[in-house]
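Asker: Just one file: query38.cif, with mmCIF, C-alpha atoms and all ligand atoms; chains and numbers go by the auth columns.
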data_data
#
loop_
_atom_site.group_PDB
_atom_site.id
_atom_site.type_symbol
_atom_site.label_atom_id
_atom_site.label_comp_id
_atom_site.label_asym_id
_atom_site.label_seq_id
_atom_site.Cartn_x
_atom_site.Cartn_y
_atom_site.Cartn_z
_atom_site.B_iso_or_equiv
_atom_site.auth_seq_id
_atom_site.auth_asym_id
ATOM 1 C CA MET A 1 -74.627 92.554 11.070 0.00 721 A
ATOM 2 C CA HIS A 2 -70.937 93.006 11.592 0.00 722 A
ATOM 3 C CA GLY A 3 -68.056 93.735 9.275 0.00 723 A
ATOM 4 C CA ALA A 4 -65.997 90.871 7.868 0.00 724 A
ATOM 5 C CA CYS A 5 -63.336 92.713 5.877 0.00 725 A
ATOM 6 C CA PRO A 6 -62.974 95.358 3.182 0.00 726 A
ATOM 7 C CA LEU A 7 -64.127 94.094 -0.206 0.00 727 A
ATOM 8 C CA THR A 8 -60.741 95.097 -1.632 0.00 728 A
ATOM 9 C CA GLN A 9 -59.047 92.518 0.636 0.00 729 A
ATOM 10 C CA LEU A 10 -61.031 89.529 -0.682 0.00 730 A
ATOM 11 C CA ALA A 11 -60.122 88.972 -4.311 0.00 731 A
ATOM 12 C CA ARG A 12 -62.361 87.108 -6.719 0.00 732 A
ATOM 13 C CA GLY A 13 -61.888 83.368 -6.448 0.00 733 A
ATOM 14 C CA TYR A 14 -60.973 83.470 -2.760 0.00 734 A
ATOM 15 C CA ALA A 15 -62.681 82.663 0.519 0.00 735 A
ATOM 16 C CA LEU A 16 -62.256 84.147 3.967 0.00 736 A
ATOM 17 C CA ARG A 17 -62.908 82.004 7.033 0.00 737 A
ATOM 18 C CA LEU A 18 -64.119 83.951 10.057 0.00 738 A
ATOM 19 C CA ASP A 19 -63.316 82.516 13.470 0.00 739 A
ATOM 20 C CA THR A 20 -66.854 82.779 14.799 0.00 740 A
ATOM 21 C CA SER A 21 -68.869 80.041 16.507 0.00 741 A
ATOM 22 C CA PRO A 22 -69.613 78.263 14.275 0.00 742 A
ATOM 23 C CA PRO A 23 -67.056 79.510 11.730 0.00 743 A
ATOM 24 C CA ILE A 24 -68.407 81.403 8.735 0.00 744 A
ATOM 25 C CA THR A 25 -66.922 81.545 5.263 0.00 745 A
ATOM 26 C CA VAL A 26 -67.277 84.533 2.983 0.00 746 A
ATOM 27 C CA LEU A 27 -66.770 83.551 -0.649 0.00 747 A
ATOM 28 C CA HIS A 28 -66.037 85.901 -3.534 0.00 748 A
ATOM 29 C CA THR A 29 -66.623 84.032 -6.765 0.00 749 A
ATOM 30 C CA GLU A 30 -64.697 84.491 -9.993 0.00 750 A
ATOM 31 C CA GLU A 31 -67.870 86.121 -11.344 0.00 751 A
ATOM 32 C CA GLY A 32 -67.797 88.728 -8.585 0.00 752 A
ATOM 33 C CA GLU A 33 -70.657 87.423 -6.456 0.00 753 A
ATOM 34 C CA LEU A 34 -70.416 87.278 -2.673 0.00 754 A
ATOM 35 C CA PHE A 35 -71.865 84.525 -0.497 0.00 755 A
ATOM 36 C CA GLU A 36 -71.727 83.621 3.172 0.00 756 A
ATOM 37 C CA ILE A 37 -72.170 80.105 4.504 0.00 757 A
ATOM 38 C CA ASP A 38 -71.319 78.201 7.646 0.00 758 A
ATOM 39 C CA ASP A 39 -67.795 76.891 7.087 0.00 759 A
ATOM 40 C CA THR A 40 -68.249 73.429 8.573 0.00 760 A
ATOM 41 C CA CYS A 41 -69.603 70.701 6.303 0.00 761 A
ATOM 42 C CA THR A 42 -72.773 69.108 7.679 0.00 762 A
ATOM 43 C CA HIS A 43 -71.339 65.604 7.237 0.00 763 A
ATOM 44 C CA GLN A 44 -68.073 65.794 9.181 0.00 764 A
ATOM 45 C CA ASP A 45 -65.710 68.457 10.479 0.00 765 A
ATOM 46 C CA ALA A 46 -64.337 69.704 7.155 0.00 766 A
ATOM 47 C CA PRO A 47 -63.786 73.396 6.281 0.00 767 A
ATOM 48 C CA LEU A 48 -65.747 74.347 3.177 0.00 768 A
ATOM 49 C CA ALA A 49 -63.428 77.348 2.708 0.00 769 A
ATOM 50 C CA ASP A 50 -60.736 74.852 1.650 0.00 770 A
ATOM 51 C CA GLY A 51 -62.814 73.310 -1.133 0.00 771 A
ATOM 52 C CA ARG A 52 -63.408 74.329 -4.719 0.00 772 A
ATOM 53 C CA VAL A 53 -66.101 76.832 -5.636 0.00 773 A
ATOM 54 C CA GLU A 54 -67.764 76.435 -9.001 0.00 774 A
ATOM 55 C CA ASN A 55 -71.208 77.167 -10.406 0.00 775 A
ATOM 56 C CA ARG A 56 -72.358 78.739 -7.136 0.00 776 A
ATOM 57 C CA GLU A 57 -71.523 75.579 -5.194 0.00 777 A
ATOM 58 C CA ALA A 58 -68.900 74.896 -2.531 0.00 778 A
ATOM 59 C CA GLU A 59 -67.378 71.431 -2.822 0.00 779 A
ATOM 60 C CA CYS A 60 -66.436 69.772 0.449 0.00 780 A
ATOM 61 C CA PRO A 61 -62.672 69.064 0.425 0.00 781 A
ATOM 62 C CA LEU A 62 -63.173 65.759 2.239 0.00 782 A
ATOM 63 C CA HIS A 63 -65.900 63.795 0.405 0.00 783 A
ATOM 64 C CA ALA A 64 -66.932 66.160 -2.405 0.00 784 A
ATOM 65 C CA SER A 65 -70.590 66.813 -1.553 0.00 785 A
ATOM 66 C CA LYS A 66 -71.449 70.198 -3.025 0.00 786 A
ATOM 67 C CA SER A 67 -73.464 72.818 -1.150 0.00 787 A
ATOM 68 C CA SER A 68 -75.408 75.491 -2.992 0.00 788 A
ATOM 69 C CA LEU A 69 -74.128 78.929 -2.055 0.00 789 A
ATOM 70 C CA ARG A 70 -77.631 80.319 -2.502 0.00 790 A
ATOM 71 C CA THR A 71 -79.733 77.779 -0.591 0.00 791 A
ATOM 72 C CA GLY A 72 -77.237 75.597 1.275 0.00 792 A
ATOM 73 C CA GLU A 73 -78.797 72.415 -0.130 0.00 793 A
ATOM 74 C CA VAL A 74 -76.366 69.597 -0.912 0.00 794 A
ATOM 75 C CA ASP A 75 -76.287 67.801 -4.244 0.00 795 A
ATOM 76 C CA GLN A 76 -75.407 64.280 -3.108 0.00 796 A
ATOM 77 C CA PRO A 77 -74.323 62.223 -0.077 0.00 797 A
ATOM 78 C CA PRO A 78 -72.507 61.740 2.112 0.00 798 A
ATOM 79 C CA ALA A 79 -73.603 65.203 3.338 0.00 799 A
ATOM 80 C CA LYS A 80 -77.399 65.292 3.571 0.00 800 A
ATOM 81 C CA ARG A 81 -78.429 68.345 5.566 0.00 801 A
ATOM 82 C CA PRO A 82 -78.094 71.859 4.117 0.00 802 A
ATOM 83 C CA VAL A 83 -75.357 74.184 5.278 0.00 803 A
ATOM 84 C CA ARG A 84 -76.693 77.430 6.710 0.00 804 A
ATOM 85 C CA VAL A 85 -76.490 80.430 4.386 0.00 805 A
ATOM 86 C CA ARG A 86 -76.732 84.116 5.166 0.00 806 A
ATOM 87 C CA GLU A 87 -77.452 87.373 3.430 0.00 807 A
ATOM 88 C CA VAL A 88 -74.320 89.284 2.444 0.00 808 A
ATOM 89 C CA THR A 89 -74.106 92.984 1.768 0.00 809 A
ATOM 90 C CA VAL A 90 -71.371 95.506 1.133 0.00 810 A
ATOM 91 C CA VAL A 91 -71.693 98.794 3.002 0.00 811 A
ATOM 92 C CA ASP A 92 -69.200 101.551 2.322 0.00 812 A
ATOM 93 C CA GLY A 93 -66.770 99.004 0.891 0.00 813 A
ATOM 94 C CA ILE A 94 -67.014 96.637 3.860 0.00 814 A
ATOM 95 C CA ILE A 95 -68.400 93.089 3.497 0.00 815 A
ATOM 96 C CA MET A 96 -71.098 92.761 6.143 0.00 816 A
ATOM 97 C CA VAL A 97 -71.973 89.431 7.766 0.00 817 A
ATOM 98 C CA ALA A 98 -75.619 88.913 8.660 0.00 818 A
ATOM 99 C CA GLU A 99 -76.633 87.188 11.876 0.00 819 A
ATOM 100 C CA SER A 100 -78.831 84.114 11.581 0.00 820 A
ATOM 101 C CA ASP A 101 -81.581 82.947 13.910 0.00 821 A
ATOM 102 C CA ALA A 102 -81.604 79.513 12.290 0.00 822 A
ATOM 103 C CA ALA A 103 -79.835 76.656 14.038 0.00 823 A
ATOM 104 C CA PRO A 104 -76.686 75.500 12.259 0.00 824 A
ATOM 105 C CA ASN A 105 -76.585 71.971 10.854 0.00 825 A
ATOM 106 C CA LEU A 106 -73.322 70.975 12.470 0.00 826 A
ATOM 107 C CA PRO A 107 -71.959 67.459 12.000 0.00 827 A
ATOM 108 C CA PRO A 108 -72.055 64.938 14.844 0.00 828 A
ATOM 109 C CA GLY A 109 -69.561 65.707 17.607 0.00 829 A
ATOM 110 C CA ILE A 110 -69.237 69.402 16.791 0.00 830 A
ATOM 111 C CA SER A 111 -70.827 71.954 19.078 0.00 831 A
ATOM 112 C CA LEU A 112 -70.939 75.717 19.368 0.00 832 A
ATOM 113 C CA VAL A 113 -68.291 77.420 21.498 0.00 833 A
ATOM 114 C CA GLY A 114 -69.270 80.098 23.974 0.00 834 A
HETATM 115 S S1 LIG B . -67.027 65.925 5.320 0.00 901 A
HETATM 116 FE FE1 LIG B . -68.064 67.005 3.784 0.00 901 A
HETATM 117 S S2 LIG B . -68.980 65.466 2.546 0.00 901 A
HETATM 118 FE FE2 LIG B . -67.969 64.388 4.134 0.00 901 A
#
Go ahead and express the file in the form of structure tokens.

Answerer:
Amino acid sequence: MHGACPLTQLARGYALRLDTSPPITVLHTEEGELFEIDDTCTHQDAPLADGRVENREAECPLHASKSSLRTGEVDQPPAKRPVRVREVTVVDGIIMVAESDAAPNLPPGISLVG
């Protein structure tokens, strides 16, 4: 795990995109829940951090498929494969990002850097 940012710097209703490979988004819902998902939609190269978050789902800003923040599963095409999700914890006021051994479901043409 590594630290993303202090919890006090991510207000409810906002998302923080981390410049990792692949990018990760930490979301703080209006209800006060925290989630971490891969930022890139599994359909095309669209940043999920820029979409709406509602009912524990992140809506893709490009074609509106919604990914569950808990499981990563998508509700409808055009995205079909689940976005990778991670465990999130807060330790001493710092949002901690968990590593994942699972392969990301990146869209065609997008590859990991480094
Ligand atoms: S890019 Fe996300 S649904 Fe198409």

Asker: Could you check the closest approach to Glu751 in chain A for each of A:His763, A:Arg737, A:Arg776, A:Arg806 and tell me which residue wins, using only C-alpha atoms?

Answerer: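 Looking only at the distances to Glu751 in chain A, the closest residue turns out to be A:Arg776.
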
Asker: My list of candidates is A:Pro742, A:Leu754, A:Thr760, A:Val833. Which is closest to Ile814 in chain A when distances are computed with all atoms listed in the file?

Answerer: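 With all atoms listed in the file as the atom set, the closest residue is A:Leu754.
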
Asker: Choose the residue, out of A:Thr749, A:Met721, A:Asp758, A:Met816, that has the smallest atom-to-atom separation from Leu832 in chain A; count all atoms listed in the file.

Answerer: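 Nearest candidate to Leu832 in chain A out of A:Thr749, A:Met721, A:Asp758, A:Met816: A:Asp758.
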
Asker: Could you list the protein, DNA and RNA residues that have any atom within 12 Å of ligand LIG 901 (chain A), counting all atoms listed in the file, and write them as number ranges by chain?

Answerer: A: 759-771, 778-787, 794-803, 826-828

Asker: Calculated over all atoms listed in the file, which of the candidates A:Thr740, A:Ser820, A:Thr745, A:Gly733 has the smallest distance to Glu774 in chain A?

Answerer: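 For Glu774 in chain A, the nearest of the candidates is A:Gly733.
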
Asker: Just give me the gap between CA of Arg772 in chain A and CA of Glu793 in chain A in Å, one decimal is fine.

Answerer: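 Interatomic distance, CA of Arg772 in chain A to CA of Glu793 in chain A: 16.2 Å.
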
Asker: So what do you get for CA of Val817 in chain A versus CA of Gly723 in chain A, distance-wise?

Answerer: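 Between CA of Val817 in chain A and CA of Gly723 in chain A the gap works out to 6.0 Å.
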
Asker: Please measure the separation of CA of Asp812 in chain A and CA of Asp739 in chain A, giving the value in Å to one decimal.

Answerer: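 Between CA of Asp812 in chain A and CA of Asp739 in chain A the gap works out to 22.8 Å.
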
Asker: So that I can see what lies close to Ala731 in chain A, please list as a PyMOL selection string the residues with an atom at most 12 Å from it, counting all atoms listed in the file and leaving out residues fewer than 3 positions away in the same chain.

Answerer: chain A and resi 725-728+734-736+746-754

Asker: What does the file look like for those residues with C-alpha atoms, as a PDB file, in the coordinates of the input?

Answerer:
ATOM      1  CA  CYS A 725     -63.336  92.713   5.877  1.00  0.00           C
ATOM      2  CA  PRO A 726     -62.974  95.358   3.182  1.00  0.00           C
ATOM      3  CA  LEU A 727     -64.127  94.094  -0.206  1.00  0.00           C
ATOM      4  CA  THR A 728     -60.741  95.097  -1.632  1.00  0.00           C
ATOM      5  CA  TYR A 734     -60.973  83.470  -2.760  1.00  0.00           C
ATOM      6  CA  ALA A 735     -62.681  82.663   0.519  1.00  0.00           C
ATOM      7  CA  LEU A 736     -62.256  84.147   3.967  1.00  0.00           C
ATOM      8  CA  VAL A 746     -67.277  84.533   2.983  1.00  0.00           C
ATOM      9  CA  LEU A 747     -66.770  83.551  -0.649  1.00  0.00           C
ATOM     10  CA  HIS A 748     -66.037  85.901  -3.534  1.00  0.00           C
ATOM     11  CA  THR A 749     -66.623  84.032  -6.765  1.00  0.00           C
ATOM     12  CA  GLU A 750     -64.697  84.491  -9.993  1.00  0.00           C
ATOM     13  CA  GLU A 751     -67.870  86.121 -11.344  1.00  0.00           C
ATOM     14  CA  GLY A 752     -67.797  88.728  -8.585  1.00  0.00           C
ATOM     15  CA  GLU A 753     -70.657  87.423  -6.456  1.00  0.00           C
ATOM     16  CA  LEU A 754     -70.416  87.278  -2.673  1.00  0.00           C
TER      17      LEU A 754
END
